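Below: data-v2.txt (compact mmCIF, N, CA and C atoms)
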# COMPACT_ATOMS: atom_id res chain seq x y z
N MET A 1268 29.81 -11.17 -14.92
CA MET A 1268 29.74 -12.38 -14.14
C MET A 1268 30.08 -13.58 -15.02
N ILE A 1269 30.83 -14.49 -14.49
CA ILE A 1269 31.22 -15.69 -15.21
C ILE A 1269 30.06 -16.69 -15.14
N PRO A 1270 29.65 -17.24 -16.27
CA PRO A 1270 28.54 -18.21 -16.26
C PRO A 1270 28.88 -19.46 -15.45
N GLU A 1271 27.84 -20.08 -14.93
CA GLU A 1271 28.01 -21.33 -14.19
C GLU A 1271 28.62 -22.39 -15.11
N ILE A 1272 29.22 -23.38 -14.52
CA ILE A 1272 29.90 -24.42 -15.29
C ILE A 1272 28.94 -25.20 -16.19
N GLU A 1273 27.66 -25.22 -15.87
CA GLU A 1273 26.67 -25.93 -16.67
C GLU A 1273 26.24 -25.17 -17.92
N HIS A 1274 26.64 -23.91 -18.03
CA HIS A 1274 26.23 -23.08 -19.17
C HIS A 1274 26.80 -23.66 -20.46
N PRO A 1275 26.02 -23.65 -21.54
CA PRO A 1275 26.48 -24.24 -22.81
C PRO A 1275 27.65 -23.52 -23.47
N ILE A 1276 27.98 -22.32 -23.02
CA ILE A 1276 29.11 -21.60 -23.63
C ILE A 1276 30.41 -22.37 -23.51
N TRP A 1277 30.60 -23.08 -22.41
CA TRP A 1277 31.88 -23.77 -22.18
C TRP A 1277 32.11 -24.86 -23.22
N GLU A 1278 31.08 -25.64 -23.50
CA GLU A 1278 31.22 -26.68 -24.52
C GLU A 1278 31.46 -26.05 -25.89
N LYS A 1279 30.79 -24.96 -26.17
CA LYS A 1279 30.96 -24.29 -27.46
C LYS A 1279 32.37 -23.74 -27.63
N ILE A 1280 32.96 -23.27 -26.55
CA ILE A 1280 34.35 -22.78 -26.60
C ILE A 1280 35.29 -23.95 -26.89
N ILE A 1281 35.12 -25.05 -26.17
CA ILE A 1281 36.01 -26.20 -26.32
C ILE A 1281 35.91 -26.82 -27.70
N THR A 1282 34.70 -26.96 -28.21
CA THR A 1282 34.51 -27.62 -29.50
C THR A 1282 34.82 -26.69 -30.67
N GLY A 1283 35.03 -25.42 -30.40
CA GLY A 1283 35.34 -24.47 -31.46
C GLY A 1283 34.11 -23.91 -32.14
N GLU A 1284 32.94 -24.21 -31.62
CA GLU A 1284 31.71 -23.67 -32.19
C GLU A 1284 31.70 -22.14 -32.09
N ILE A 1285 32.26 -21.63 -31.00
CA ILE A 1285 32.42 -20.19 -30.85
C ILE A 1285 33.83 -19.84 -31.28
N LYS A 1286 33.93 -19.02 -32.30
CA LYS A 1286 35.22 -18.50 -32.76
C LYS A 1286 35.36 -17.10 -32.18
N HIS A 1287 36.44 -16.87 -31.47
CA HIS A 1287 36.60 -15.59 -30.78
C HIS A 1287 38.05 -15.15 -30.84
N ASP A 1288 38.26 -13.88 -31.11
CA ASP A 1288 39.59 -13.28 -31.09
C ASP A 1288 39.82 -12.74 -29.68
N PHE A 1289 40.50 -13.51 -28.85
CA PHE A 1289 40.67 -13.19 -27.44
C PHE A 1289 41.50 -11.93 -27.23
N SER A 1290 41.06 -11.11 -26.30
CA SER A 1290 41.86 -9.94 -25.91
C SER A 1290 42.79 -10.30 -24.75
N ASN A 1291 42.44 -11.33 -23.99
CA ASN A 1291 43.27 -11.78 -22.88
C ASN A 1291 44.16 -12.92 -23.37
N TYR A 1292 45.46 -12.65 -23.42
CA TYR A 1292 46.41 -13.61 -23.98
C TYR A 1292 46.48 -14.91 -23.17
N VAL A 1293 46.45 -14.81 -21.87
CA VAL A 1293 46.51 -16.01 -21.03
C VAL A 1293 45.30 -16.91 -21.29
N LEU A 1294 44.12 -16.32 -21.36
CA LEU A 1294 42.92 -17.10 -21.66
C LEU A 1294 43.02 -17.72 -23.04
N GLN A 1295 43.52 -16.96 -24.00
CA GLN A 1295 43.69 -17.49 -25.36
C GLN A 1295 44.58 -18.72 -25.35
N LEU A 1296 45.72 -18.64 -24.70
CA LEU A 1296 46.64 -19.78 -24.64
C LEU A 1296 45.99 -20.98 -23.97
N GLN A 1297 45.30 -20.74 -22.87
CA GLN A 1297 44.67 -21.84 -22.14
C GLN A 1297 43.57 -22.49 -22.97
N VAL A 1298 42.76 -21.69 -23.66
CA VAL A 1298 41.69 -22.23 -24.49
C VAL A 1298 42.28 -23.06 -25.62
N TYR A 1299 43.28 -22.53 -26.31
CA TYR A 1299 43.87 -23.27 -27.44
C TYR A 1299 44.52 -24.57 -26.98
N LYS A 1300 45.22 -24.53 -25.85
CA LYS A 1300 45.86 -25.74 -25.33
C LYS A 1300 44.80 -26.77 -24.94
N THR A 1301 43.75 -26.32 -24.28
CA THR A 1301 42.68 -27.22 -23.86
C THR A 1301 41.95 -27.79 -25.07
N GLN A 1302 41.70 -26.98 -26.07
CA GLN A 1302 41.06 -27.47 -27.29
C GLN A 1302 41.92 -28.55 -27.95
N ASP A 1303 43.22 -28.31 -28.02
CA ASP A 1303 44.13 -29.30 -28.61
C ASP A 1303 44.12 -30.60 -27.82
N ASP A 1304 44.20 -30.49 -26.49
CA ASP A 1304 44.17 -31.68 -25.64
C ASP A 1304 42.88 -32.46 -25.82
N PHE A 1305 41.77 -31.76 -25.96
CA PHE A 1305 40.48 -32.41 -26.17
C PHE A 1305 40.44 -33.11 -27.53
N LYS A 1306 40.94 -32.44 -28.55
CA LYS A 1306 40.91 -33.00 -29.90
C LYS A 1306 41.71 -34.29 -30.03
N ILE A 1307 42.79 -34.41 -29.28
CA ILE A 1307 43.61 -35.62 -29.36
C ILE A 1307 43.24 -36.62 -28.25
N ASN A 1308 42.10 -36.38 -27.63
CA ASN A 1308 41.57 -37.26 -26.58
C ASN A 1308 42.49 -37.40 -25.37
N LYS A 1309 43.28 -36.36 -25.12
CA LYS A 1309 44.13 -36.34 -23.93
C LYS A 1309 43.29 -36.07 -22.68
N ILE A 1310 42.22 -35.26 -22.87
CA ILE A 1310 41.29 -34.98 -21.77
C ILE A 1310 39.87 -35.10 -22.30
N SER A 1311 38.94 -35.33 -21.39
CA SER A 1311 37.52 -35.44 -21.76
C SER A 1311 36.92 -34.05 -21.92
N LEU A 1312 35.75 -34.01 -22.52
CA LEU A 1312 35.05 -32.74 -22.65
C LEU A 1312 34.77 -32.15 -21.28
N ASN A 1313 34.34 -32.97 -20.35
CA ASN A 1313 34.05 -32.46 -19.00
C ASN A 1313 35.29 -31.86 -18.34
N GLN A 1314 36.44 -32.54 -18.49
CA GLN A 1314 37.67 -32.01 -17.90
C GLN A 1314 38.08 -30.71 -18.59
N ALA A 1315 37.89 -30.64 -19.89
CA ALA A 1315 38.22 -29.43 -20.63
C ALA A 1315 37.36 -28.26 -20.15
N ILE A 1316 36.09 -28.52 -19.96
CA ILE A 1316 35.18 -27.49 -19.46
C ILE A 1316 35.60 -27.03 -18.07
N VAL A 1317 35.92 -27.96 -17.21
CA VAL A 1317 36.37 -27.62 -15.85
C VAL A 1317 37.63 -26.75 -15.92
N ASN A 1318 38.58 -27.12 -16.79
CA ASN A 1318 39.82 -26.36 -16.90
C ASN A 1318 39.56 -24.90 -17.29
N ILE A 1319 38.77 -24.71 -18.32
CA ILE A 1319 38.51 -23.35 -18.80
C ILE A 1319 37.67 -22.56 -17.79
N HIS A 1320 36.68 -23.21 -17.20
CA HIS A 1320 35.85 -22.53 -16.21
C HIS A 1320 36.69 -22.09 -15.00
N GLU A 1321 37.60 -22.94 -14.56
CA GLU A 1321 38.45 -22.59 -13.42
C GLU A 1321 39.32 -21.38 -13.73
N VAL A 1322 39.90 -21.33 -14.92
CA VAL A 1322 40.72 -20.17 -15.31
C VAL A 1322 39.86 -18.92 -15.33
N CYS A 1323 38.70 -19.02 -15.91
CA CYS A 1323 37.82 -17.85 -16.02
C CYS A 1323 37.32 -17.39 -14.66
N THR A 1324 37.06 -18.31 -13.78
CA THR A 1324 36.61 -17.96 -12.44
C THR A 1324 37.75 -17.32 -11.64
N LYS A 1325 38.92 -17.90 -11.74
CA LYS A 1325 40.08 -17.39 -11.00
C LYS A 1325 40.47 -15.99 -11.46
N TYR A 1326 40.40 -15.75 -12.76
CA TYR A 1326 40.80 -14.47 -13.33
C TYR A 1326 39.61 -13.73 -13.93
N SER A 1327 38.51 -13.77 -13.23
CA SER A 1327 37.24 -13.25 -13.76
C SER A 1327 37.33 -11.79 -14.21
N ARG A 1328 38.00 -10.97 -13.45
CA ARG A 1328 38.09 -9.55 -13.83
C ARG A 1328 38.87 -9.37 -15.13
N ALA A 1329 39.88 -10.18 -15.32
CA ALA A 1329 40.73 -10.05 -16.50
C ALA A 1329 40.08 -10.61 -17.76
N VAL A 1330 39.19 -11.59 -17.61
CA VAL A 1330 38.61 -12.26 -18.78
C VAL A 1330 37.17 -11.85 -19.06
N GLN A 1331 36.60 -10.99 -18.23
CA GLN A 1331 35.18 -10.66 -18.34
C GLN A 1331 34.81 -10.10 -19.71
N LYS A 1332 35.65 -9.26 -20.29
CA LYS A 1332 35.35 -8.69 -21.61
C LYS A 1332 35.20 -9.78 -22.66
N ASP A 1333 36.11 -10.75 -22.63
CA ASP A 1333 36.02 -11.86 -23.58
C ASP A 1333 34.75 -12.67 -23.36
N ILE A 1334 34.44 -12.96 -22.12
CA ILE A 1334 33.24 -13.74 -21.82
C ILE A 1334 31.99 -12.99 -22.30
N ASP A 1335 31.92 -11.70 -22.00
CA ASP A 1335 30.78 -10.89 -22.41
C ASP A 1335 30.59 -10.91 -23.93
N LYS A 1336 31.68 -10.78 -24.66
CA LYS A 1336 31.62 -10.80 -26.11
C LYS A 1336 31.11 -12.16 -26.62
N MET A 1337 31.60 -13.22 -26.02
CA MET A 1337 31.18 -14.56 -26.45
C MET A 1337 29.72 -14.81 -26.12
N LEU A 1338 29.24 -14.21 -25.05
CA LEU A 1338 27.83 -14.36 -24.67
C LEU A 1338 26.95 -13.33 -25.35
N ASN A 1339 27.57 -12.41 -26.09
CA ASN A 1339 26.85 -11.33 -26.76
C ASN A 1339 26.09 -10.44 -25.79
N TYR A 1340 26.66 -10.27 -24.60
CA TYR A 1340 26.05 -9.37 -23.62
C TYR A 1340 26.30 -7.93 -24.00
N LYS A 1341 27.49 -7.66 -24.53
CA LYS A 1341 27.87 -6.27 -24.78
C LYS A 1341 28.45 -6.16 -26.17

Kindly return the structure encoded in the file as C-alpha cells.
Amino acid sequence: MIPEIEHPIWEKIITGEIKHDFSNYVLQLQVYKTQDDFKINKISLNQAIVNIHEVCTKYSRAVQKDIDKMLNYK
C-alpha cells in the first residue's frame, strides 16, 4: 500500500534523506527530476511531494517494491 501524502517518507525522499537504489526506472527518473527541481527552487517541497505521491499512487503496483524497501516493511 502506498503511504498517505502526509507520511514523512515523501519529504525524506525529496530531501535525499532516504538514499535508495530504485528498481523502477520511471520512479527513479521522476524522483531525481523532482529533487533537482526542488533544489533549484523551481518547485516547493509541497509540490514535490504531491508530484512523487501522484506517480506512486498512479503506478502503485509497479513501485510497491521500492516503497516497501524505503519503509523497511520487507

One-decimal distance in Å that lies between atom C of Asp1333 in chain A and atom C of Leu1312 in chain A: 19.6 Å

For Thr1301 in chain A: contacts at 8 Å, all atoms listed in the file, fewer than 3 positions along chain excluded, given as a list in words: Ile1280, Ile1281, Thr1282, Gln1295, Leu1296, Gln1297, Val1298, Asp1304, Phe1305, Lys1306, Ile1307, Ile1310, Gln1314, Ala1315, Ile1316, Asn1318 and Ile1319 of chain A

Just-selected residues, N, CA and C atoms written as an mmCIF file, in the coordinates of the input:
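In the end it all went to selection24.cif:
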data_model
loop_
_atom_site.group_PDB
_atom_site.id
_atom_site.type_symbol
_atom_site.label_atom_id
_atom_site.label_comp_id
_atom_site.auth_asym_id
_atom_site.auth_seq_id
_atom_site.Cartn_x
_atom_site.Cartn_y
_atom_site.Cartn_z
ATOM 1 N N ILE A 1280 32.960 -23.270 -26.550
ATOM 2 C CA ILE A 1280 34.350 -22.780 -26.600
ATOM 3 C C ILE A 1280 35.290 -23.950 -26.890
ATOM 4 N N ILE A 1281 35.120 -25.050 -26.170
ATOM 5 C CA ILE A 1281 36.010 -26.200 -26.320
ATOM 6 C C ILE A 1281 35.910 -26.820 -27.700
ATOM 7 N N THR A 1282 34.700 -26.960 -28.210
ATOM 8 C CA THR A 1282 34.510 -27.620 -29.500
ATOM 9 C C THR A 1282 34.820 -26.690 -30.670
ATOM 10 N N GLN A 1295 43.520 -16.960 -24.000
ATOM 11 C CA GLN A 1295 43.690 -17.490 -25.360
ATOM 12 C C GLN A 1295 44.580 -18.720 -25.350
ATOM 13 N N LEU A 1296 45.720 -18.640 -24.700
ATOM 14 C CA LEU A 1296 46.640 -19.780 -24.640
ATOM 15 C C LEU A 1296 45.990 -20.980 -23.970
ATOM 16 N N GLN A 1297 45.300 -20.740 -22.870
ATOM 17 C CA GLN A 1297 44.670 -21.840 -22.140
ATOM 18 C C GLN A 1297 43.570 -22.490 -22.970
ATOM 19 N N VAL A 1298 42.760 -21.690 -23.660
ATOM 20 C CA VAL A 1298 41.690 -22.230 -24.490
ATOM 21 C C VAL A 1298 42.280 -23.060 -25.620
ATOM 22 N N ASP A 1304 44.200 -30.490 -26.490
ATOM 23 C CA ASP A 1304 44.170 -31.680 -25.640
ATOM 24 C C ASP A 1304 42.880 -32.460 -25.820
ATOM 25 N N PHE A 1305 41.770 -31.760 -25.960
ATOM 26 C CA PHE A 1305 40.480 -32.410 -26.170
ATOM 27 C C PHE A 1305 40.440 -33.110 -27.530
ATOM 28 N N LYS A 1306 40.940 -32.440 -28.550
ATOM 29 C CA LYS A 1306 40.910 -33.000 -29.900
ATOM 30 C C LYS A 1306 41.710 -34.290 -30.030
ATOM 31 N N ILE A 1307 42.790 -34.410 -29.280
ATOM 32 C CA ILE A 1307 43.610 -35.620 -29.360
ATOM 33 C C ILE A 1307 43.240 -36.620 -28.250
ATOM 34 N N ILE A 1310 42.220 -35.260 -22.870
ATOM 35 C CA ILE A 1310 41.290 -34.980 -21.770
ATOM 36 C C ILE A 1310 39.870 -35.100 -22.300
ATOM 37 N N GLN A 1314 36.440 -32.540 -18.490
ATOM 38 C CA GLN A 1314 37.670 -32.010 -17.900
ATOM 39 C C GLN A 1314 38.080 -30.710 -18.590
ATOM 40 N N ALA A 1315 37.890 -30.640 -19.890
ATOM 41 C CA ALA A 1315 38.220 -29.430 -20.630
ATOM 42 C C ALA A 1315 37.360 -28.260 -20.150
ATOM 43 N N ILE A 1316 36.090 -28.520 -19.960
ATOM 44 C CA ILE A 1316 35.180 -27.490 -19.460
ATOM 45 C C ILE A 1316 35.600 -27.030 -18.070
ATOM 46 N N ASN A 1318 38.580 -27.120 -16.790
ATOM 47 C CA ASN A 1318 39.820 -26.360 -16.900
ATOM 48 C C ASN A 1318 39.560 -24.900 -17.290
ATOM 49 N N ILE A 1319 38.770 -24.710 -18.320
ATOM 50 C CA ILE A 1319 38.510 -23.350 -18.800
ATOM 51 C C ILE A 1319 37.670 -22.560 -17.790
#

Near-range 1325-1330 of chain A list (8 Å; all atoms listed in the file; drop same-chain fewer than 4 positions) as a ChimeraX atom specification: /A:1268-1269,1290-1291,1294,1319-1321,1334-1336

Quick one: residues within 10 Å of Ile1285 in chain A, only C-alpha atoms, excluding same-chain residues fewer than 4 positions away - as a compact mmCIF listing (two decimals) with N, CA and C atoms, in the frame of the given file?
# COMPACT_ATOMS: atom_id res chain seq x y z
N ILE A 1276 27.98 -22.32 -23.02
CA ILE A 1276 29.11 -21.60 -23.63
C ILE A 1276 30.41 -22.37 -23.51
N TRP A 1277 30.60 -23.08 -22.41
CA TRP A 1277 31.88 -23.77 -22.18
C TRP A 1277 32.11 -24.86 -23.22
N GLU A 1278 31.08 -25.64 -23.50
CA GLU A 1278 31.22 -26.68 -24.52
C GLU A 1278 31.46 -26.05 -25.89
N LYS A 1279 30.79 -24.96 -26.17
CA LYS A 1279 30.96 -24.29 -27.46
C LYS A 1279 32.37 -23.74 -27.63
N ILE A 1280 32.96 -23.27 -26.55
CA ILE A 1280 34.35 -22.78 -26.60
C ILE A 1280 35.29 -23.95 -26.89
N ILE A 1281 35.12 -25.05 -26.17
CA ILE A 1281 36.01 -26.20 -26.32
C ILE A 1281 35.91 -26.82 -27.70
N MET A 1337 31.60 -13.22 -26.02
CA MET A 1337 31.18 -14.56 -26.45
C MET A 1337 29.72 -14.81 -26.12
N LEU A 1338 29.24 -14.21 -25.05
CA LEU A 1338 27.83 -14.36 -24.67
C LEU A 1338 26.95 -13.33 -25.35

Those of chain A in DSSP alpha helix (DSSP H), formatted as JSON, numbers by chain: {"A": [1276, 1277, 1278, 1279, 1280, 1281, 1282, 1292, 1293, 1294, 1295, 1296, 1297, 1298, 1299, 1300, 1301, 1302, 1303, 1304, 1305, 1306, 1312, 1313, 1314, 1315, 1316, 1317, 1318, 1319, 1320, 1321, 1322, 1323, 1324, 1325, 1327, 1328, 1329, 1330, 1331, 1332, 1333, 1334, 1335, 1336, 1337, 1338]}

Using only N, CA and C atoms, please write the residues we just selected to a file, as a compact mmCIF listing (two decimals), keeping the file's coordinate frame.
# COMPACT_ATOMS: atom_id res chain seq x y z
N ILE A 1276 27.98 -22.32 -23.02
CA ILE A 1276 29.11 -21.60 -23.63
C ILE A 1276 30.41 -22.37 -23.51
N TRP A 1277 30.60 -23.08 -22.41
CA TRP A 1277 31.88 -23.77 -22.18
C TRP A 1277 32.11 -24.86 -23.22
N GLU A 1278 31.08 -25.64 -23.50
CA GLU A 1278 31.22 -26.68 -24.52
C GLU A 1278 31.46 -26.05 -25.89
N LYS A 1279 30.79 -24.96 -26.17
CA LYS A 1279 30.96 -24.29 -27.46
C LYS A 1279 32.37 -23.74 -27.63
N ILE A 1280 32.96 -23.27 -26.55
CA ILE A 1280 34.35 -22.78 -26.60
C ILE A 1280 35.29 -23.95 -26.89
N ILE A 1281 35.12 -25.05 -26.17
CA ILE A 1281 36.01 -26.20 -26.32
C ILE A 1281 35.91 -26.82 -27.70
N THR A 1282 34.70 -26.96 -28.21
CA THR A 1282 34.51 -27.62 -29.50
C THR A 1282 34.82 -26.69 -30.67
N TYR A 1292 45.46 -12.65 -23.42
CA TYR A 1292 46.41 -13.61 -23.98
C TYR A 1292 46.48 -14.91 -23.17
N VAL A 1293 46.45 -14.81 -21.87
CA VAL A 1293 46.51 -16.01 -21.03
C VAL A 1293 45.30 -16.91 -21.29
N LEU A 1294 44.12 -16.32 -21.36
CA LEU A 1294 42.92 -17.10 -21.66
C LEU A 1294 43.02 -17.72 -23.04
N GLN A 1295 43.52 -16.96 -24.00
CA GLN A 1295 43.69 -17.49 -25.36
C GLN A 1295 44.58 -18.72 -25.35
N LEU A 1296 45.72 -18.64 -24.70
CA LEU A 1296 46.64 -19.78 -24.64
C LEU A 1296 45.99 -20.98 -23.97
N GLN A 1297 45.30 -20.74 -22.87
CA GLN A 1297 44.67 -21.84 -22.14
C GLN A 1297 43.57 -22.49 -22.97
N VAL A 1298 42.76 -21.69 -23.66
CA VAL A 1298 41.69 -22.23 -24.49
C VAL A 1298 42.28 -23.06 -25.62
N TYR A 1299 43.28 -22.53 -26.31
CA TYR A 1299 43.87 -23.27 -27.44
C TYR A 1299 44.52 -24.57 -26.98
N LYS A 1300 45.22 -24.53 -25.85
CA LYS A 1300 45.86 -25.74 -25.33
C LYS A 1300 44.80 -26.77 -24.94
N THR A 1301 43.75 -26.32 -24.28
CA THR A 1301 42.68 -27.22 -23.86
C THR A 1301 41.95 -27.79 -25.07
N GLN A 1302 41.70 -26.98 -26.07
CA GLN A 1302 41.06 -27.47 -27.29
C GLN A 1302 41.92 -28.55 -27.95
N ASP A 1303 43.22 -28.31 -28.02
CA ASP A 1303 44.13 -29.30 -28.61
C ASP A 1303 44.12 -30.60 -27.82
N ASP A 1304 44.20 -30.49 -26.49
CA ASP A 1304 44.17 -31.68 -25.64
C ASP A 1304 42.88 -32.46 -25.82
N PHE A 1305 41.77 -31.76 -25.96
CA PHE A 1305 40.48 -32.41 -26.17
C PHE A 1305 40.44 -33.11 -27.53
N LYS A 1306 40.94 -32.44 -28.55
CA LYS A 1306 40.91 -33.00 -29.90
C LYS A 1306 41.71 -34.29 -30.03
N LEU A 1312 35.75 -34.01 -22.52
CA LEU A 1312 35.05 -32.74 -22.65
C LEU A 1312 34.77 -32.15 -21.28
N ASN A 1313 34.34 -32.97 -20.35
CA ASN A 1313 34.05 -32.46 -19.00
C ASN A 1313 35.29 -31.86 -18.34
N GLN A 1314 36.44 -32.54 -18.49
CA GLN A 1314 37.67 -32.01 -17.90
C GLN A 1314 38.08 -30.71 -18.59
N ALA A 1315 37.89 -30.64 -19.89
CA ALA A 1315 38.22 -29.43 -20.63
C ALA A 1315 37.36 -28.26 -20.15
N ILE A 1316 36.09 -28.52 -19.96
CA ILE A 1316 35.18 -27.49 -19.46
C ILE A 1316 35.60 -27.03 -18.07
N VAL A 1317 35.92 -27.96 -17.21
CA VAL A 1317 36.37 -27.62 -15.85
C VAL A 1317 37.63 -26.75 -15.92
N ASN A 1318 38.58 -27.12 -16.79
CA ASN A 1318 39.82 -26.36 -16.90
C ASN A 1318 39.56 -24.90 -17.29
N ILE A 1319 38.77 -24.71 -18.32
CA ILE A 1319 38.51 -23.35 -18.80
C ILE A 1319 37.67 -22.56 -17.79
N HIS A 1320 36.68 -23.21 -17.20
CA HIS A 1320 35.85 -22.53 -16.21
C HIS A 1320 36.69 -22.09 -15.00
N GLU A 1321 37.60 -22.94 -14.56
CA GLU A 1321 38.45 -22.59 -13.42
C GLU A 1321 39.32 -21.38 -13.73
N VAL A 1322 39.90 -21.33 -14.92
CA VAL A 1322 40.72 -20.17 -15.31
C VAL A 1322 39.86 -18.92 -15.33
N CYS A 1323 38.70 -19.02 -15.91
CA CYS A 1323 37.82 -17.85 -16.02
C CYS A 1323 37.32 -17.39 -14.66
N THR A 1324 37.06 -18.31 -13.78
CA THR A 1324 36.61 -17.96 -12.44
C THR A 1324 37.75 -17.32 -11.64
N LYS A 1325 38.92 -17.90 -11.74
CA LYS A 1325 40.08 -17.39 -11.00
C LYS A 1325 40.47 -15.99 -11.46
N SER A 1327 38.51 -13.77 -13.23
CA SER A 1327 37.24 -13.25 -13.76
C SER A 1327 37.33 -11.79 -14.21
N ARG A 1328 38.00 -10.97 -13.45
CA ARG A 1328 38.09 -9.55 -13.83
C ARG A 1328 38.87 -9.37 -15.13
N ALA A 1329 39.88 -10.18 -15.32
CA ALA A 1329 40.73 -10.05 -16.50
C ALA A 1329 40.08 -10.61 -17.76
N VAL A 1330 39.19 -11.59 -17.61
CA VAL A 1330 38.61 -12.26 -18.78
C VAL A 1330 37.17 -11.85 -19.06
N GLN A 1331 36.60 -10.99 -18.23
CA GLN A 1331 35.18 -10.66 -18.34
C GLN A 1331 34.81 -10.10 -19.71
N LYS A 1332 35.65 -9.26 -20.29
CA LYS A 1332 35.35 -8.69 -21.61
C LYS A 1332 35.20 -9.78 -22.66
N ASP A 1333 36.11 -10.75 -22.63
CA ASP A 1333 36.02 -11.86 -23.58
C ASP A 1333 34.75 -12.67 -23.36
N ILE A 1334 34.44 -12.96 -22.12
CA ILE A 1334 33.24 -13.74 -21.82
C ILE A 1334 31.99 -12.99 -22.30
N ASP A 1335 31.92 -11.70 -22.00
CA ASP A 1335 30.78 -10.89 -22.41
C ASP A 1335 30.59 -10.91 -23.93
N LYS A 1336 31.68 -10.78 -24.66
CA LYS A 1336 31.62 -10.80 -26.11
C LYS A 1336 31.11 -12.16 -26.62
N MET A 1337 31.60 -13.22 -26.02
CA MET A 1337 31.18 -14.56 -26.45
C MET A 1337 29.72 -14.81 -26.12
N LEU A 1338 29.24 -14.21 -25.05
CA LEU A 1338 27.83 -14.36 -24.67
C LEU A 1338 26.95 -13.33 -25.35

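Taking atom N of Gln1331 in chain A as the reference point, CA of Asn1313 in chain A is found at 21.6 Å.
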